[in-house]
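Asker: Provided below: protein05.txt, containing compact mmCIF, C-alpha atoms.
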```
# COMPACT_ATOMS: atom_id res chain seq x y z
CA MET A 16 -11.40 -32.37 -10.85
CA PRO A 17 -9.78 -29.10 -11.99
CA GLN A 18 -10.64 -25.87 -10.27
CA SER A 19 -13.15 -23.57 -11.92
CA ILE A 20 -12.34 -19.95 -11.08
CA LYS A 21 -15.53 -17.89 -10.89
CA LYS A 22 -13.85 -14.49 -10.88
CA GLY A 23 -10.33 -13.80 -12.08
CA TYR A 24 -7.85 -11.14 -11.07
CA LYS A 25 -8.90 -8.85 -13.95
CA ALA A 26 -12.47 -8.73 -12.67
CA LEU A 27 -11.26 -8.18 -9.11
CA LEU A 28 -9.03 -5.31 -10.25
CA ALA A 29 -11.88 -3.77 -12.26
CA GLU A 30 -14.09 -3.86 -9.17
CA ALA A 31 -11.34 -2.24 -7.10
CA ASP A 32 -10.70 0.43 -9.73
CA ALA A 33 -14.41 1.31 -9.64
CA VAL A 34 -14.31 2.21 -5.93
CA VAL A 35 -10.71 3.03 -4.99
CA PRO A 36 -9.34 6.48 -5.84
CA ALA A 37 -5.91 6.24 -7.46
CA PHE A 38 -3.21 8.91 -7.42
CA GLU A 39 -0.68 9.46 -10.16
CA VAL A 40 2.90 9.86 -8.90
CA GLY A 41 2.81 13.66 -9.20
CA GLU A 42 -0.34 13.89 -7.09
CA ALA A 43 1.10 11.48 -4.52
CA ARG A 44 4.35 13.43 -4.28
CA ALA A 45 2.35 16.51 -3.29
CA LEU A 46 0.95 14.52 -0.34
CA GLN A 47 4.26 13.04 0.79
CA GLY A 48 5.38 14.36 4.17
CA GLN A 49 2.02 15.90 5.05
CA ASP A 50 0.90 15.19 8.61
CA GLY A 51 -2.54 14.07 7.49
CA THR A 52 -1.31 11.44 5.03
CA VAL A 53 0.16 7.99 5.63
CA PHE A 54 1.72 6.08 2.75
CA VAL A 55 1.37 2.34 3.39
CA ASP A 56 3.93 0.08 1.72
CA LEU A 57 2.37 -3.35 1.21
CA ARG A 58 5.40 -4.96 -0.38
CA ASP A 59 7.21 -7.98 0.94
CA PRO A 60 10.36 -7.16 2.97
CA ARG A 61 12.48 -8.79 0.22
CA GLU A 62 11.08 -6.32 -2.32
CA ILE A 63 12.02 -3.44 -0.05
CA GLU A 64 15.50 -4.88 0.36
CA ARG A 65 15.92 -5.13 -3.42
CA GLU A 66 14.24 -1.90 -4.53
CA GLY A 67 14.48 0.50 -1.58
CA LYS A 68 11.58 2.32 -0.01
CA MET A 69 9.66 5.57 0.00
CA PRO A 70 10.88 7.93 2.74
CA GLY A 71 8.42 8.05 5.62
CA ALA A 72 6.19 5.22 4.38
CA PHE A 73 4.72 2.79 6.92
CA HIS A 74 5.43 -0.84 6.06
CA CYS A 75 2.51 -3.26 6.37
CA PRO A 76 3.00 -6.65 4.69
CA ARG A 77 -0.09 -7.36 2.57
CA GLY A 78 -0.83 -10.55 4.46
CA MET A 79 -1.22 -8.66 7.75
CA LEU A 80 -3.36 -5.74 6.53
CA GLU A 81 -6.77 -6.88 7.74
CA PHE A 82 -5.35 -7.86 11.13
CA TRP A 83 -3.47 -4.59 11.57
CA ILE A 84 -6.52 -2.48 10.60
CA ASP A 85 -9.07 -4.18 12.89
CA PRO A 86 -8.95 -2.69 16.41
CA GLU A 87 -10.34 -5.96 17.80
CA SER A 88 -7.41 -7.93 16.42
CA PRO A 89 -4.53 -8.77 18.76
CA TYR A 90 -2.28 -7.56 15.92
CA HIS A 91 -3.91 -4.13 15.52
CA LYS A 92 -1.53 -1.24 14.75
CA PRO A 93 -2.60 2.11 16.24
CA ILE A 94 -1.61 4.00 13.07
CA PHE A 95 -4.72 2.58 11.40
CA GLY A 96 -6.90 4.15 14.10
CA GLU A 97 -5.63 7.65 13.38
CA ASP A 98 -7.70 10.24 11.53
CA LYS A 99 -5.48 10.26 8.43
CA GLN A 100 -5.62 9.70 4.71
CA PHE A 101 -4.08 6.35 3.74
CA VAL A 102 -2.36 5.89 0.39
CA PHE A 103 -1.51 2.25 -0.25
CA PHE A 104 1.16 1.10 -2.66
CA CYS A 105 2.88 -2.08 -3.77
CA ALA A 106 5.32 -2.76 -6.60
CA GLY A 107 2.98 -2.21 -9.53
CA GLY A 108 -0.43 -1.14 -8.22
CA TRP A 109 -2.38 -4.38 -8.32
CA ARG A 110 -2.02 -5.53 -4.72
CA SER A 111 -2.56 -2.00 -3.47
CA ALA A 112 -5.80 -1.62 -5.45
CA LEU A 113 -7.16 -4.87 -4.00
CA ALA A 114 -5.91 -4.05 -0.49
CA ALA A 115 -7.40 -0.55 -0.60
CA LYS A 116 -10.77 -2.00 -1.63
CA THR A 117 -10.62 -4.38 1.32
CA ALA A 118 -9.66 -1.54 3.70
CA ILE A 119 -12.59 0.55 2.44
CA GLU A 120 -14.94 -2.42 2.93
CA MET A 121 -13.62 -2.72 6.50
CA GLY A 122 -14.49 0.95 7.12
CA LEU A 123 -11.08 2.62 6.91
CA ARG A 124 -11.44 6.05 5.28
CA PRO A 125 -10.14 7.84 3.33
CA VAL A 126 -8.13 5.24 1.42
CA SER A 127 -6.57 5.46 -2.02
CA HIS A 128 -3.66 3.84 -3.82
CA LEU A 129 -0.67 4.81 -5.94
CA LYS A 130 -1.26 4.10 -9.62
CA GLY A 131 1.66 2.07 -10.94
CA GLY A 132 3.00 1.46 -7.43
CA PHE A 133 6.58 1.85 -6.29
CA GLY A 134 7.80 1.03 -9.79
CA ALA A 135 6.10 4.15 -11.17
CA TRP A 136 7.37 6.13 -8.17
CA LYS A 137 10.99 5.19 -8.92
CA LYS A 138 10.61 5.62 -12.67
CA ALA A 139 9.36 9.19 -12.12
CA GLY A 140 12.49 9.98 -10.09
CA ALA A 141 10.57 10.39 -6.84
CA PRO A 142 12.65 10.04 -3.67
CA THR A 143 13.67 6.60 -2.44
CA GLU A 144 15.98 5.58 0.35
CA MET A 145 17.83 2.70 1.88
CA GLY A 146 16.63 1.61 5.27
CA THR A 147 14.67 -0.99 7.13
CA THR A 148 11.03 -1.92 7.49
CA GLU A 149 9.35 -1.62 10.90
CA SER A 150 10.24 -5.28 11.45
CA GLY A 151 13.94 -4.55 10.92
CA GLU A 152 14.56 -5.85 7.38
CA LYS A 153 17.12 -3.83 5.47
CA GLY A 154 16.15 -1.95 2.32
CA SER A 155 18.42 -0.60 -0.38
CA ALA A 156 18.04 2.38 -2.64
CA GLY A 157 17.30 1.46 -6.22
```
Translate the structure of the given file into structure tokens.

Answerer:
Amino acid sequence: MPQSIKKGYKALLAEADAVVPAFEVGEARALQGQDGTVFVDLRDPREIEREGKMPGAFHCPRGMLEFWIDPESPYHKPIFGEDKQFVFFCAGGWRSALAAKTAIEMGLRPVSHLKGGFGAWKKAGAPTEMGTTESGEKGSAG
């Protein structure tokens, strides 16, 4: 019997957009480098290798987010326990919207995401760099 999807990605994104603040690139650039703000890169290491990365962003693969946020998880990352503003981003803004909604539901605050993701960041001429993720994967400038 074929699957019957009850709620598609468009509905999930609409729900996320209703509760997750989203920054345009210009607004996000004003926050970059501020001590009270952490940019969280949710992209896969291969995407970072291909496209480069945002200087100073913390890399958290999307599949680990819930485990890294929860202080009871054996995988918890202390950065998510800090009193900071978290700005999530992915390649195009969809994964980050859904991830930010999940983080808010878990109790992480304040959380927002970058409208248009890293693609919009690069297109606007915002800074990118070569480098590695926290797990050591290489990234290249785009």

Asker: Can you pull out the residues contacting Ala135 of chain A? Cut-off 10 Å, using only C-alpha atoms, and skip same-chain residues under 6 positions away; I want them as a PyMOL selection string.

Answerer: chain A and resi 39-40+106-108+129+141

Asker: Between atom CA of Pro125 of chain A and atom CA of Lys22 of chain A, what is the distance in Å, rounded to a tenth?

Answerer: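 Atom CA of Lys22 of chain A lies 26.7 Å from atom CA of Pro125 of chain A.
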
Asker: Taking all listed atoms of segment 78-83 of chain A, build the axis-aligned box, pad each of the six sides by 3 Å, then write its centre and edge lengths in Å to one decimal as AutoDock Vina command-line options.

Answerer:
```
--center_x -3.8 --center_y -7.6 --center_z 8.0 --size_x 11.9 --size_y 12.0 --size_z 13.1
```

Asker: Got a sec: who's within 6 Å of segment 50-63 of chain A, counting only C-alpha atoms, leaving out chain neighbours fewer than 6 positions off, as a list of chain:residue names?

Answerer: A:Ala72, A:Phe73, A:His74, A:Cys75, A:Pro76, A:Arg77, A:Lys99, A:Gln100, A:Phe101, A:Val102, A:Phe103, A:Phe104, A:Cys105, A:Gly154

Asker: If I put a ball of radius 10 Å at (4.5, 3.6, 16.5) in the file's coordinates, which residues poke into it when counting all atoms listed in the file, written as a ChimeraX atom specification?

Answerer: /A:73,92-94,149

Asker: For atom CA of Gly71 of chain A and atom CA of Gln47 of chain A, determine how far apart the two atoms are, in Å to one decimal place.

Answerer: 8.1 Å

Asker: Rounded to one decimal in Å, what is the spacing between atom CA of Leu28 of chain A and atom CA of Ala118 of chain A?

Answerer: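 Pair atom CA of Leu28 of chain A / atom CA of Ala118 of chain A returns 14.5 Å.
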
Asker: Using only C-alpha atoms, can you tell me which of A:Ser19, A:Ser111, A:Ser88, A:Ser127 comes closest to Glu42 of chain A?

Answerer: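 Of the candidates, the smallest distance to Glu42 of chain A is held by A:Ser127.
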
Asker: Between A:Ala112, A:Leu80, A:Met145, A:Ile119, single out the one closest to Lys25 of chain A, counting all atoms listed in the file.

Answerer: A:Ala112

Asker: Residues at most 12 Å from Gly122 of chain A, counting all atoms listed in the file, excluding those fewer than 2 positions away in the same chain, as a short mmCIF file (atom, residue, chain, number, x, y, z; two decimals) with C-alpha atoms, in the frame of the given file?

Answerer:
```cif
data_model
loop_
_atom_site.label_atom_id
_atom_site.label_comp_id
_atom_site.auth_asym_id
_atom_site.auth_seq_id
_atom_site.Cartn_x
_atom_site.Cartn_y
_atom_site.Cartn_z
CA GLU A 81 -6.77 -6.88 7.74
CA ILE A 84 -6.52 -2.48 10.60
CA ASP A 85 -9.07 -4.18 12.89
CA PRO A 86 -8.95 -2.69 16.41
CA PHE A 95 -4.72 2.58 11.40
CA GLY A 96 -6.90 4.15 14.10
CA ALA A 115 -7.40 -0.55 -0.60
CA LYS A 116 -10.77 -2.00 -1.63
CA THR A 117 -10.62 -4.38 1.32
CA ALA A 118 -9.66 -1.54 3.70
CA ILE A 119 -12.59 0.55 2.44
CA GLU A 120 -14.94 -2.42 2.93
CA ARG A 124 -11.44 6.05 5.28
CA PRO A 125 -10.14 7.84 3.33
CA VAL A 126 -8.13 5.24 1.42
#
```

Asker: Select, from A:Phe82, A:Lys138, A:Asp98, A:Lys130, the residue with the minimum atom-to-atom distance to Ala37 of chain A, counting only C-alpha atoms.

Answerer: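 Looking at the shortest contact to Ala37 of chain A, the residue is A:Lys130.
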
Asker: Hey, which of A:Glu87, A:Lys68, A:Met79, A:Leu113 ends up closest to Ala33 of chain A? Count all atoms listed in the file.

Answerer: A:Leu113
